[in-house]
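Peer 1: Okay, so here is structure12.txt, and as you'll see once you scroll down, it has compact mmCIF, C-alpha atoms and all ligand atoms.
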# COMPACT_ATOMS: atom_id res chain seq x y z
CA MET A 1 103.98 190.05 65.51
CA GLU A 2 107.65 189.05 65.60
CA THR A 3 109.76 188.06 62.60
CA ILE A 4 109.77 184.39 61.65
CA LEU A 5 112.30 182.14 59.91
CA LEU A 6 111.14 178.88 58.37
CA LEU A 7 113.99 176.36 58.15
CA ALA A 8 113.67 173.48 55.71
CA THR A 9 115.93 170.99 53.96
CA THR A 10 115.27 170.13 50.36
CA GLU A 11 115.02 166.67 48.81
CA SER A 12 117.72 165.41 46.43
CA ASP A 13 115.88 167.05 43.49
CA GLY A 14 115.77 170.36 45.34
CA THR A 15 112.03 170.31 46.10
CA LEU A 16 110.30 170.53 49.46
CA ALA A 17 108.51 167.54 51.00
CA LYS A 18 105.27 167.52 52.97
CA PRO A 19 106.76 168.19 56.46
CA ALA A 20 108.36 171.41 55.17
CA LEU A 21 105.07 172.52 53.61
CA GLU A 22 103.24 171.82 56.88
CA ALA A 23 105.77 173.92 58.80
CA LEU A 24 105.38 176.68 56.21
CA ALA A 25 101.60 176.68 56.72
CA ALA A 26 102.13 176.96 60.49
CA ALA A 27 104.60 179.82 60.03
CA LEU A 28 102.19 181.73 57.78
CA ALA A 29 99.29 181.19 60.20
CA LEU A 30 101.31 182.98 62.88
CA GLY A 31 101.24 186.15 60.81
CA GLY A 32 104.65 187.82 61.21
CA GLU A 33 107.14 188.80 58.50
CA LEU A 34 108.49 185.55 57.10
CA THR A 35 111.94 184.61 55.84
CA VAL A 36 112.43 181.17 54.31
CA GLY A 37 115.81 179.47 54.85
CA LEU A 38 116.53 176.41 52.71
CA VAL A 39 119.41 173.94 53.01
CA GLY A 40 120.39 171.30 50.46
CA GLY A 41 122.38 170.24 47.44
CA LEU A 42 119.90 172.23 45.35
CA VAL A 43 117.43 174.74 46.77
CA GLN A 44 116.11 176.90 43.92
CA PRO A 45 113.38 174.35 42.97
CA GLY A 46 112.14 174.40 46.60
CA ALA A 47 112.15 178.18 46.73
CA ASP A 48 110.23 178.32 43.42
CA GLN A 49 107.74 175.74 44.70
CA ILE A 50 106.70 178.14 47.48
CA ALA A 51 107.41 181.41 45.66
CA GLY A 52 103.77 182.44 46.12
CA CYS A 53 103.75 182.08 49.90
CA GLY A 54 104.37 185.76 50.56
CA ALA A 55 107.77 185.38 52.27
CA ALA A 56 109.80 188.60 52.43
CA ARG A 57 113.14 186.82 51.80
CA PHE A 58 114.39 183.48 50.56
CA LEU A 59 117.80 182.49 51.93
CA GLY A 60 119.68 179.40 50.82
CA VAL A 61 122.68 177.35 51.92
CA VAL A 62 123.63 175.24 48.91
CA GLY A 63 126.30 172.71 48.05
CA ASP A 64 127.22 169.05 47.96
CA ALA A 65 128.16 169.22 51.65
CA PHE A 66 124.53 170.04 52.49
CA LEU A 67 122.95 167.27 50.44
CA GLN A 68 123.44 164.68 53.18
CA SER A 69 122.32 164.74 56.76
CA ARG A 70 125.41 165.34 58.89
CA TYR A 71 125.52 167.09 62.28
CA ALA A 72 128.43 169.46 61.57
CA THR A 73 127.17 170.76 58.22
CA ASP A 74 123.46 170.89 59.13
CA ALA A 75 124.15 172.75 62.39
CA ALA A 76 126.49 175.22 60.65
CA ALA A 77 123.90 175.85 57.91
CA ALA A 78 121.06 176.38 60.39
CA GLU A 79 123.16 178.68 62.56
CA ALA A 80 124.20 180.78 59.54
CA LEU A 81 120.60 181.07 58.33
CA CYS A 82 119.34 182.05 61.79
CA ARG A 83 122.02 184.75 62.05
CA ALA A 84 121.37 186.02 58.50
CA ALA A 85 117.61 186.21 59.05
CA GLY A 86 117.83 187.60 62.59
CA ALA A 87 114.33 186.26 63.23
CA ALA A 88 112.86 186.00 66.71
CA ILE A 89 110.90 182.80 66.00
CA VAL A 90 112.41 179.91 64.01
CA ILE A 91 110.07 177.16 62.84
CA ALA A 92 111.25 173.85 61.39
CA PRO A 93 109.60 170.50 60.67
CA ALA A 94 110.52 167.85 63.26
CA THR A 95 112.35 165.66 60.74
CA SER A 96 115.11 163.43 62.12
CA ARG A 97 117.59 165.78 60.45
CA TRP A 98 116.39 168.96 62.18
CA SER A 99 115.51 167.24 65.46
CA ARG A 100 119.14 166.17 65.74
CA VAL A 101 120.77 169.55 65.24
CA LEU A 102 118.41 172.35 66.26
CA PRO A 103 118.71 171.97 70.06
CA GLY A 104 122.48 172.44 69.62
CA VAL A 105 121.92 175.39 67.30
CA SER A 106 119.66 177.09 69.85
CA TYR A 107 122.47 176.76 72.40
CA ARG A 108 124.95 178.36 69.99
CA LEU A 109 122.53 181.25 69.44
CA GLY A 110 121.73 181.68 73.13
CA GLY A 111 118.08 180.93 72.37
CA ARG A 112 115.62 178.22 73.39
CA VAL A 113 114.10 175.26 71.60
CA ASP A 114 110.86 173.30 71.92
CA THR A 115 110.62 169.91 70.28
CA HIS A 116 107.52 167.83 69.42
CA SER A 117 105.28 170.88 69.13
CA THR A 118 101.86 170.19 67.70
CA ASN A 119 100.70 173.74 67.15
CA LEU A 120 101.91 177.31 67.16
CA ALA A 121 99.37 180.12 67.45
CA MET A 122 98.96 183.63 68.82
CA GLN A 123 97.56 183.73 72.33
CA ASP A 124 97.05 187.03 74.20
CA GLY A 125 99.30 188.74 71.67
CA MET A 126 102.16 186.23 72.15
CA PRO A 127 103.15 183.23 70.04
CA ALA A 128 102.35 180.07 72.01
CA VAL A 129 103.39 176.49 71.39
CA THR A 130 101.21 173.48 72.10
CA ARG A 131 102.84 170.19 73.06
CA TRP A 132 102.08 167.04 75.00
CA PHE A 133 103.79 165.97 78.20
CA TYR A 134 104.05 162.80 80.26
CA ARG A 135 103.79 160.45 77.28
CA GLN A 136 100.91 162.29 75.63
CA ARG A 137 98.73 162.34 78.75
CA MET A 138 98.66 166.11 79.26
CA GLU A 139 98.55 168.88 76.70
CA ALA A 140 100.17 172.21 77.57
CA VAL A 141 100.28 175.58 75.85
CA LEU A 142 103.42 177.55 76.63
CA THR A 143 105.10 180.80 75.75
CA ARG A 144 108.73 181.86 76.18
CA SER A 145 110.38 185.23 76.54
CA GLN A 146 113.81 184.11 75.24
CA ARG A 147 114.70 184.71 71.60
CA PRO A 148 115.46 183.23 69.18
CA TRP A 149 112.84 180.64 70.00
CA ILE A 150 113.21 177.54 67.82
CA VAL A 151 110.12 175.38 67.43
CA LEU A 152 110.20 171.89 65.89
CA LEU A 153 106.75 171.08 64.58
CA ASP A 154 105.63 167.42 64.53
CA GLY A 155 104.40 166.05 61.21
CA GLY A 156 100.70 165.54 60.50
CA CYS A 157 99.46 168.36 62.76
CA THR A 158 98.86 171.02 60.09
CA GLU A 159 97.54 170.92 56.54
CA PRO A 160 100.50 171.40 54.16
CA TRP A 161 100.75 174.74 52.34
CA ASN A 162 99.44 174.58 48.82
CA GLY A 163 99.84 177.67 46.66
CA ALA A 164 101.26 179.20 43.56
CA VAL A 165 104.69 178.25 42.26
CA GLY A 166 106.83 180.96 40.72
CA THR A 167 110.39 182.22 40.60
CA ALA A 168 111.85 183.14 43.96
CA LEU A 169 114.76 185.55 44.33
CA LEU A 170 117.23 183.52 46.36
CA GLU A 171 119.96 185.09 48.52
CA LEU A 172 122.79 182.61 49.03
CA VAL A 173 124.43 182.43 52.44
CA GLU A 174 128.05 181.20 52.46
CA VAL A 175 128.82 178.62 55.11
CA ASP A 176 132.25 177.28 55.84
CA ALA A 177 131.56 173.91 57.44
CA PRO A 178 134.67 171.74 57.54
CA THR A 179 133.89 168.19 58.56
CA ARG A 180 135.82 164.95 59.03
CA THR A 181 132.75 162.87 58.25
CA SER A 182 132.05 161.85 54.70
CA VAL A 183 128.95 159.93 53.68
CA THR A 184 129.94 157.00 51.50
CA GLY A 185 126.48 155.61 50.87
CA VAL A 186 123.14 154.76 52.40
CA GLN A 187 121.98 151.29 53.34
CA SER A 188 118.27 150.91 53.89
CA PRO A 189 115.68 148.19 53.43
CA LYS A 190 113.88 148.02 50.10
CA SER A 191 110.81 150.25 50.18
CA ASP A 192 108.44 147.25 50.17
CA GLU A 193 110.20 145.98 53.29
CA GLN A 194 109.60 149.23 55.16
CA THR A 195 106.97 148.56 57.78
CA ILE A 196 106.83 151.98 59.44
CA ARG A 197 104.80 154.27 57.19
CA PRO A 198 103.95 157.52 59.02
CA ASP A 199 101.62 158.64 56.22
CA ALA A 200 99.59 155.39 56.12
CA LYS A 201 95.84 155.65 56.64
CA LEU A 202 95.91 152.62 58.94
CA LEU A 203 98.10 151.56 61.85
CA PHE A 204 98.08 147.76 62.19
CA VAL A 205 99.24 146.64 65.62
CA ALA A 206 100.35 143.10 66.33
CA GLY A 207 100.44 141.90 69.92
CA ALA A 208 102.09 138.97 71.65
CA GLY A 209 98.98 136.82 71.13
CA TRP A 210 100.22 136.03 67.62
CA THR A 211 103.02 134.03 69.27
CA LYS A 212 100.89 132.20 71.86
CA LYS A 213 99.52 128.67 71.71
CA GLN A 214 96.24 128.70 69.84
CA SER A 215 93.10 126.59 70.30
CA ASP A 216 94.80 123.52 68.79
CA GLY A 217 97.50 123.73 71.47
CA THR A 218 100.29 124.79 69.12
CA VAL A 219 102.03 128.01 68.08
CA HIS A 220 101.57 129.25 64.50
CA ALA A 221 104.37 131.79 64.13
CA PRO A 222 105.11 131.35 60.38
CA GLU A 223 101.43 131.75 59.53
CA ALA A 224 101.21 134.79 61.83
CA GLU A 225 104.08 136.39 59.97
CA SER A 226 102.68 135.71 56.54
CA LEU A 227 99.19 136.95 57.49
CA ILE A 228 100.59 140.16 58.96
CA LEU A 229 103.01 140.85 56.11
CA GLY A 230 100.35 139.98 53.52
CA PHE A 231 97.94 142.45 55.09
CA LEU A 232 100.58 145.18 55.37
CA GLN A 233 101.48 144.86 51.73
CA ALA A 234 97.89 144.76 50.48
CA ALA A 235 96.67 147.64 52.66
CA GLN A 236 99.94 149.64 52.72
CA ALA A 237 99.37 149.94 56.45
CA SER A 238 102.01 150.88 59.00
CA LEU A 239 103.11 148.17 61.43
CA GLY A 240 103.12 148.71 65.18
CA GLY A 241 103.80 146.19 67.90
CA SER A 242 103.10 145.80 71.59
CA LYS A 243 106.08 145.86 73.90
CA SER A 244 105.69 142.17 74.68
CA LEU A 245 105.91 141.25 71.02
CA VAL A 246 108.86 143.48 70.12
CA ASP A 247 110.72 142.26 73.20
CA LEU A 248 110.24 138.67 72.02
CA SER A 249 111.60 139.61 68.60
CA GLY A 250 114.54 141.35 70.26
CA GLU A 251 115.37 138.15 72.14
CA GLY A 252 115.89 136.40 68.82
CA GLU A 253 112.51 134.65 68.91
CA ALA A 254 111.92 135.84 65.38
CA VAL A 255 108.19 135.80 65.18
CA LEU A 256 108.13 138.70 62.80
CA ARG A 257 111.49 139.36 61.22
CA CYS A 258 110.42 142.87 60.26
CA MET A 259 109.42 143.76 63.84
CA THR A 260 111.92 145.81 65.86
CA HIS A 261 111.76 148.11 68.85
CA LEU A 262 111.15 150.95 66.38
CA ASN A 263 107.70 149.44 65.81
CA GLN A 264 106.73 149.59 69.49
CA ILE A 265 103.65 151.67 70.27
CA GLY A 266 102.98 152.96 73.75
CA GLN A 267 104.27 154.64 76.85
CA THR A 268 107.83 153.54 76.18
CA GLY A 269 107.33 153.42 72.42
CA ALA A 270 105.95 155.65 69.70
CA THR A 271 102.74 157.71 69.48
CA PRO A 272 102.11 157.86 65.73
CA ARG A 273 99.33 159.78 63.98
CA HIS A 274 97.03 157.72 61.76
CA PRO A 275 93.33 158.17 60.93
CA LYS A 276 92.57 154.53 61.83
CA GLY A 277 94.09 151.75 63.90
CA LEU A 278 93.50 147.99 64.07
CA SER A 279 94.90 146.12 67.05
CA THR A 280 95.24 142.35 66.79
CA CYS A 281 96.14 139.79 69.49
CA CYS A 282 97.04 142.65 71.80
CA HIS A 283 95.44 142.99 75.21
CA GLY A 284 95.08 146.79 75.21
CA GLU A 285 96.73 147.60 78.53
CA GLU A 286 97.09 151.28 79.44
CA PRO A 287 100.89 151.52 78.86
CA HIS A 288 100.24 150.31 75.32
CA VAL A 289 97.03 152.25 74.57
CA VAL A 290 98.55 155.58 75.65
CA GLY A 291 100.48 155.35 72.37
CA TRP A 292 97.16 155.42 70.47
CA ARG A 293 96.49 159.01 71.60
CA PHE A 294 96.44 160.36 68.06
CA VAL A 295 94.75 157.42 66.31
CA ASN A 296 91.25 158.67 65.56
CA GLN A 297 89.26 155.48 64.96
CA ARG A 298 90.32 152.41 66.93
CA ARG A 299 89.32 148.81 66.34
CA ALA A 300 90.64 145.68 68.00
CA ILE A 301 90.39 141.93 67.46
CA ASN A 302 90.76 139.84 70.60
CA LEU A 303 89.49 136.45 71.74
CA ASP A 304 88.88 137.90 75.19
CA ALA A 305 85.67 139.93 75.52
CA ASN A 306 87.12 141.36 78.73
CA CYS A 307 90.37 142.62 77.26
CA GLY A 308 91.55 146.18 77.88
CA TRP A 309 90.10 147.41 74.58
CA ALA A 310 86.60 146.55 75.83
CA ARG A 311 86.95 149.16 78.57
CA GLY A 312 86.28 152.23 76.48
CA LYS A 313 89.62 152.16 74.67
CA ALA A 314 88.38 150.96 71.27
CA ASP A 315 85.45 152.16 69.15
CA VAL A 316 84.82 148.60 67.97
CA LEU A 317 86.03 145.35 69.54
CA TYR A 318 85.66 142.20 67.45
CA VAL A 319 85.64 139.25 69.84
CA ALA A 320 87.14 136.81 67.38
CA ASP A 321 90.18 134.78 66.41
CA ALA A 322 92.57 137.21 64.67
CA PHE A 323 94.04 134.38 62.58
CA GLU A 324 90.61 133.63 61.12
CA VAL A 325 89.68 137.29 60.65
CA MET A 326 92.96 138.27 58.97
CA ARG A 327 92.90 135.21 56.71
CA HIS A 328 89.49 136.35 55.48
CA VAL A 329 90.45 140.04 55.25
CA ASN A 330 93.54 139.18 53.18
CA ARG A 331 91.45 137.05 50.82
CA LEU A 332 89.06 139.99 50.39
CA LEU A 333 91.94 142.40 49.75
CA LEU A 334 93.53 140.10 47.20
CA GLY A 335 90.17 139.51 45.52
CA THR A 336 90.26 135.76 46.04
CA VAL A 337 86.87 135.60 47.76
C1 LIG B 1 106.57 151.14 82.69
C2 LIG B 1 105.91 150.30 81.63
C3 LIG B 1 105.95 150.74 80.32
C4 LIG B 1 105.35 149.99 79.31
N1 LIG B 1 105.38 150.46 78.02
C5 LIG B 1 104.72 149.76 77.06
C6 LIG B 1 104.68 150.26 75.72
O1 LIG B 1 105.24 151.29 75.37
N2 LIG B 1 104.01 149.52 74.80
C7 LIG B 1 103.39 148.33 75.11
O2 LIG B 1 102.80 147.71 74.21
N3 LIG B 1 103.43 147.86 76.35
C8 LIG B 1 104.08 148.53 77.33
N4 LIG B 1 104.14 148.02 78.59
C9 LIG B 1 103.65 146.62 78.79
C10 LIG B 1 102.14 146.52 78.83
O3 LIG B 1 101.69 146.82 80.14
C11 LIG B 1 101.71 145.11 78.44
O4 LIG B 1 102.43 144.18 79.20
C12 LIG B 1 101.90 144.77 76.98
O5 LIG B 1 101.36 145.80 76.17
C13 LIG B 1 101.20 143.45 76.68
O6 LIG B 1 101.40 143.10 75.33
P1 LIG B 1 100.29 142.27 74.54
O7 LIG B 1 98.96 142.86 74.75
O8 LIG B 1 100.79 142.12 73.13
O9 LIG B 1 100.43 140.81 75.20
P2 LIG B 1 99.49 140.00 76.15
O10 LIG B 1 99.15 140.78 77.39
O11 LIG B 1 100.16 138.69 76.32
O12 LIG B 1 98.13 139.84 75.34
C14 LIG B 1 97.98 138.98 74.26
C15 LIG B 1 96.53 139.07 73.84
O13 LIG B 1 96.37 138.32 72.65
C16 LIG B 1 95.06 137.77 72.69
N5 LIG B 1 95.04 136.65 71.72
C17 LIG B 1 95.75 135.50 71.74
N6 LIG B 1 95.48 134.75 70.65
C18 LIG B 1 94.56 135.43 69.92
C19 LIG B 1 93.87 135.20 68.70
N7 LIG B 1 94.06 134.09 68.01
N8 LIG B 1 93.01 136.13 68.26
C20 LIG B 1 92.78 137.29 68.95
N9 LIG B 1 93.40 137.54 70.13
C21 LIG B 1 94.27 136.65 70.61
C22 LIG B 1 94.86 137.35 74.13
O14 LIG B 1 93.47 137.27 74.43
C23 LIG B 1 95.55 138.50 74.87
O15 LIG B 1 94.62 139.50 75.23
C24 LIG B 1 104.72 148.75 79.62
C25 LIG B 1 104.69 148.32 80.94
C26 LIG B 1 105.27 149.08 81.93
C27 LIG B 1 105.23 148.57 83.36
Go ahead and render the structure in this file as structure tokens.
Peer 2:
Amino acid sequence: METILLLATTESDGTLAKPALEALAAALALGGELTVGLVGGLVQPGADQIAGCGAARFLGVVGDAFLQSRYATDAAAAEALCRAAGAAIVIAPATSRWSRVLPGVSYRLGGRVDTHSTNLAMQDGMPAVTRWFYRQRMEAVLTRSQRPWIVLLDGGCTEPWNGAVGTALLELVEVDAPTRTSVTGVQSPKSDEQTIRPDAKLLFVAGAGWTKKQSDGTVHAPEAESLILGFLQAAQASLGGSKSLVDLSGEGEAVLRCMTHLNQIGQTGATPRHPKGLSTCCHGEEPHVVGWRFVNQRRAINLDANCGWARGKADVLYVADAFEVMRHVNRLLLGTV
């Protein structure tokens, strides 16, 4: 088996988060000699966290410049680690940070890169990558002869590595990465306003029906918003939207102020991985449902017994008024029933 480099960035406290541990498990499953390359403001805690993984070497690029995500410094760090390790296969978690720089790094190294990989395993004596094509409709297994071969592994596809901590002997790699970009701060919504939660057990999808006239002939947008937000908060679910609903929000018809195009699920949206999904007021048309590829158990609430979900796309379809159902579910969750 060929030599492998695992690339990972550390958190602000120097430790490794779940995506890095998943990529480590995938690298170990491949079976070649492993070098770990860590990048961050602090990396020793991360190296110690996985000291028992059996890696032959631990390399680190450390310094304030590598604490923040920035193209110039991240690409320089990754390139230096790849050159220092000289590995044929480079595995990294498909975080936004690595996804942004590693295609460019593979070009600098004269190698190749595959993004959105879901698995990496030996096949006929060769490492082979599994990934989906055509908006998750077809799964392919592919090998490449070019080296280094950089593989970005999607989150949630492998069980994270879990083993003994210890003290790792870290070899520091010096990187001179001048940059004109300085990070002056980070602006992000408060964590209880975050609606996209990739690790949530449940994906809650809201469709355009929430904005349509209901049986009393009127629209109930404020109630729709409070029911949806109330449920999200109580269940810590992740929020998805149909294209029709996110387009309405984008046009300033603020049905759900927290809903943006980032929430869109489907052919032209995201394909998240969650154990369960609940679709509400969404018709379940194919361009939407293709985004549910990796949702294991699917349930839908729709007034229309003939909606798309009824045609083999959901495990359970509740033919019911989603306003009524969610009112009741929220009362149950809050213990007021
Ligand atoms: C090239 C292409 C790409 C596309 N990509 C995407 C994509 O990525 N994602 C996506 O979502 N769509 C996509 N679409 C659009 C998709 O085909 C549908 O138009 C869209 O998903 C419909 O959204 P919806 O189901 O929310 O709205 P609607 O079709 O308007 O359905 C609303 C549903 O709400 C139900 N409803 C209303 N009130 C209630 C109530 N009180 N209780 C329960 N149910 C109720 C109605 O019965 C109805 O079924 C794409 C289309 C094309 C052509």
Peer 1: Find the residues near ligand LIG 1 (chain B). Use a cut-off of 6 Å, count only C-alpha atoms and all ligand atoms, and write them as JSON, numbers by chain.
Peer 2: {"A": [207, 208, 209, 210, 242, 243, 244, 245, 264, 265, 266, 267, 268, 269, 281, 282, 283, 284, 285, 287, 288, 301, 302, 303, 304, 307, 320, 321, 322, 323]}
Peer 1: Fewer than 3 positions away in the same chain doesn't count, so skip those; otherwise give me all residues within 8 Å of segment 147-157 of chain A, counting only C-alpha atoms, as a PyMOL selection string.
Peer 2: chain A and resi 19+22-23+87-95+98-99+102+106+109-119+129+144+273
Peer 1: For Arg83 of chain A, which residue out of A:Leu248, A:Cys53, A:Leu21, A:Leu5 is the nearest one, using all atoms listed in the file?
Peer 2: A:Leu5
Peer 1: Per residue of segment 90-117 of chain A within 10 Å of segment 58-69 of chain A, record the nearest atom pair and its distance in Å to one decimal, counting only C-alpha atoms, with rows in chain order and ascending residue number, as a Markdown table.
Peer 2:
| residue | atom | partner | partner_atom | distance |
| --- | --- | --- | --- | --- |
| A:Ser96 | CA | A:Ser69 | CA | 9.1 |
| A:Arg97 | CA | A:Ser69 | CA | 6.1 |
| A:Trp98 | CA | A:Ser69 | CA | 9.1 |
| A:Arg100 | CA | A:Ser69 | CA | 9.6 |
| A:Val101 | CA | A:Ser69 | CA | 9.9 |
Peer 1: Any idea what's packed within 8 Å of Met326 of chain A, counting only C-alpha atoms, ignoring anything in its chain fewer than 5 positions away? Could you give it as a VMD selection string?
Peer 2: chain A and resid 227 to 228 231
Peer 1: Any idea what's packed within 9 Å of Gly163 of chain A, counting all atoms listed in the file, ignoring anything in its chain fewer than 4 positions away? Could you give it as a PDB file with C-alpha atoms, keeping the file's coordinate frame?
Peer 2:
ATOM      1  CA  GLN A  49     107.740 175.740  44.700  1.00  0.00           C
ATOM      2  CA  ILE A  50     106.700 178.140  47.480  1.00  0.00           C
ATOM      3  CA  ALA A  51     107.410 181.410  45.660  1.00  0.00           C
ATOM      4  CA  GLY A  52     103.770 182.440  46.120  1.00  0.00           C
ATOM      5  CA  CYS A  53     103.750 182.080  49.900  1.00  0.00           C
TER       6      CYS A  53
END
Peer 1: Provide the atom CA of Leu6 of chain A to atom CA of Arg135 of chain A distance in Å, to one decimal place.
Peer 2: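 Going from atom CA of Leu6 of chain A over to atom CA of Arg135 of chain A, I get 27.4 Å.
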Peer 1: State, in Å with one decimal place, the distance from atom CA of Gln233 of chain A to atom CA of Leu334 of chain A.
Peer 2: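 Straight-line distance from atom CA of Gln233 of chain A to atom CA of Leu334 of chain A works out to 10.3 Å.
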Peer 1: Give as a PyMOL selection string the set of residues within 10 Å of the point (120.9, 181.3, 47.1), where distances use the file's coordinates and only C-alpha atoms.
Peer 2: chain A and resi 37-39+42-44+47+58-62+168-174
Peer 1: Would you mind completing segment 5-29 of chain A so that it carries N, CA and C atoms, and writing it out as a CSV table (one decimal), in the coordinates of the input?
Peer 2:
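The resulting result.csv:
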chain,number,residue,atom,x,y,z
A,5,LEU,N,111.5,182.8,60.9
A,5,LEU,CA,112.3,182.1,59.9
A,5,LEU,C,111.8,180.7,59.8
A,6,LEU,N,111.5,180.3,58.6
A,6,LEU,CA,111.1,178.9,58.4
A,6,LEU,C,112.4,178.2,57.9
A,7,LEU,N,112.8,177.1,58.6
A,7,LEU,CA,114.0,176.4,58.2
A,7,LEU,C,113.5,175.1,57.5
A,8,ALA,N,114.1,174.8,56.3
A,8,ALA,CA,113.7,173.5,55.7
A,8,ALA,C,114.8,172.9,54.9
A,9,THR,N,114.9,171.6,54.9
A,9,THR,CA,115.9,171.0,54.0
A,9,THR,C,115.2,170.5,52.7
A,10,THR,N,115.9,170.6,51.6
A,10,THR,CA,115.3,170.1,50.4
A,10,THR,C,115.6,168.7,50.1
A,11,GLU,N,114.8,168.1,49.2
A,11,GLU,CA,115.0,166.7,48.8
A,11,GLU,C,116.2,166.7,47.8
A,12,SER,N,116.6,165.5,47.3
A,12,SER,CA,117.7,165.4,46.4
A,12,SER,C,117.5,166.2,45.1
A,13,ASP,N,116.2,166.3,44.7
A,13,ASP,CA,115.9,167.0,43.5
A,13,ASP,C,115.6,168.5,43.8
A,14,GLY,N,115.9,168.9,45.0
A,14,GLY,CA,115.8,170.4,45.3
A,14,GLY,C,114.4,170.8,45.8
A,15,THR,N,113.4,169.9,45.7
A,15,THR,CA,112.0,170.3,46.1
A,15,THR,C,111.8,170.1,47.6
A,16,LEU,N,110.7,170.6,48.0
A,16,LEU,CA,110.3,170.5,49.5
A,16,LEU,C,109.3,169.4,49.7
A,17,ALA,N,109.5,168.6,50.7
A,17,ALA,CA,108.5,167.5,51.0
A,17,ALA,C,107.4,168.0,52.0
A,18,LYS,N,106.5,167.1,52.2
A,18,LYS,CA,105.3,167.5,53.0
A,18,LYS,C,105.6,168.1,54.3
A,19,PRO,N,106.5,167.6,55.1
A,19,PRO,CA,106.8,168.2,56.5
A,19,PRO,C,107.2,169.7,56.4
A,20,ALA,N,107.9,170.0,55.3
A,20,ALA,CA,108.4,171.4,55.2
A,20,ALA,C,107.2,172.3,54.8
A,21,LEU,N,106.2,171.7,54.0
A,21,LEU,CA,105.1,172.5,53.6
A,21,LEU,C,104.1,172.7,54.8
A,22,GLU,N,104.1,171.7,55.7
A,22,GLU,CA,103.2,171.8,56.9
A,22,GLU,C,103.8,172.9,57.8
A,23,ALA,N,105.1,172.9,57.9
A,23,ALA,CA,105.8,173.9,58.8
A,23,ALA,C,105.6,175.3,58.2
A,24,LEU,N,105.6,175.4,56.9
A,24,LEU,CA,105.4,176.7,56.2
A,24,LEU,C,104.0,177.2,56.5
A,25,ALA,N,103.0,176.3,56.4
A,25,ALA,CA,101.6,176.7,56.7
A,25,ALA,C,101.5,177.2,58.2
A,26,ALA,N,102.2,176.5,59.1
A,26,ALA,CA,102.1,177.0,60.5
A,26,ALA,C,102.8,178.3,60.6
A,27,ALA,N,103.9,178.5,59.9
A,27,ALA,CA,104.6,179.8,60.0
A,27,ALA,C,103.7,181.0,59.5
A,28,LEU,N,103.0,180.7,58.4
A,28,LEU,CA,102.2,181.7,57.8
A,28,LEU,C,101.0,182.0,58.7
A,29,ALA,N,100.5,181.0,59.3
A,29,ALA,CA,99.3,181.2,60.2
A,29,ALA,C,99.6,182.1,61.4
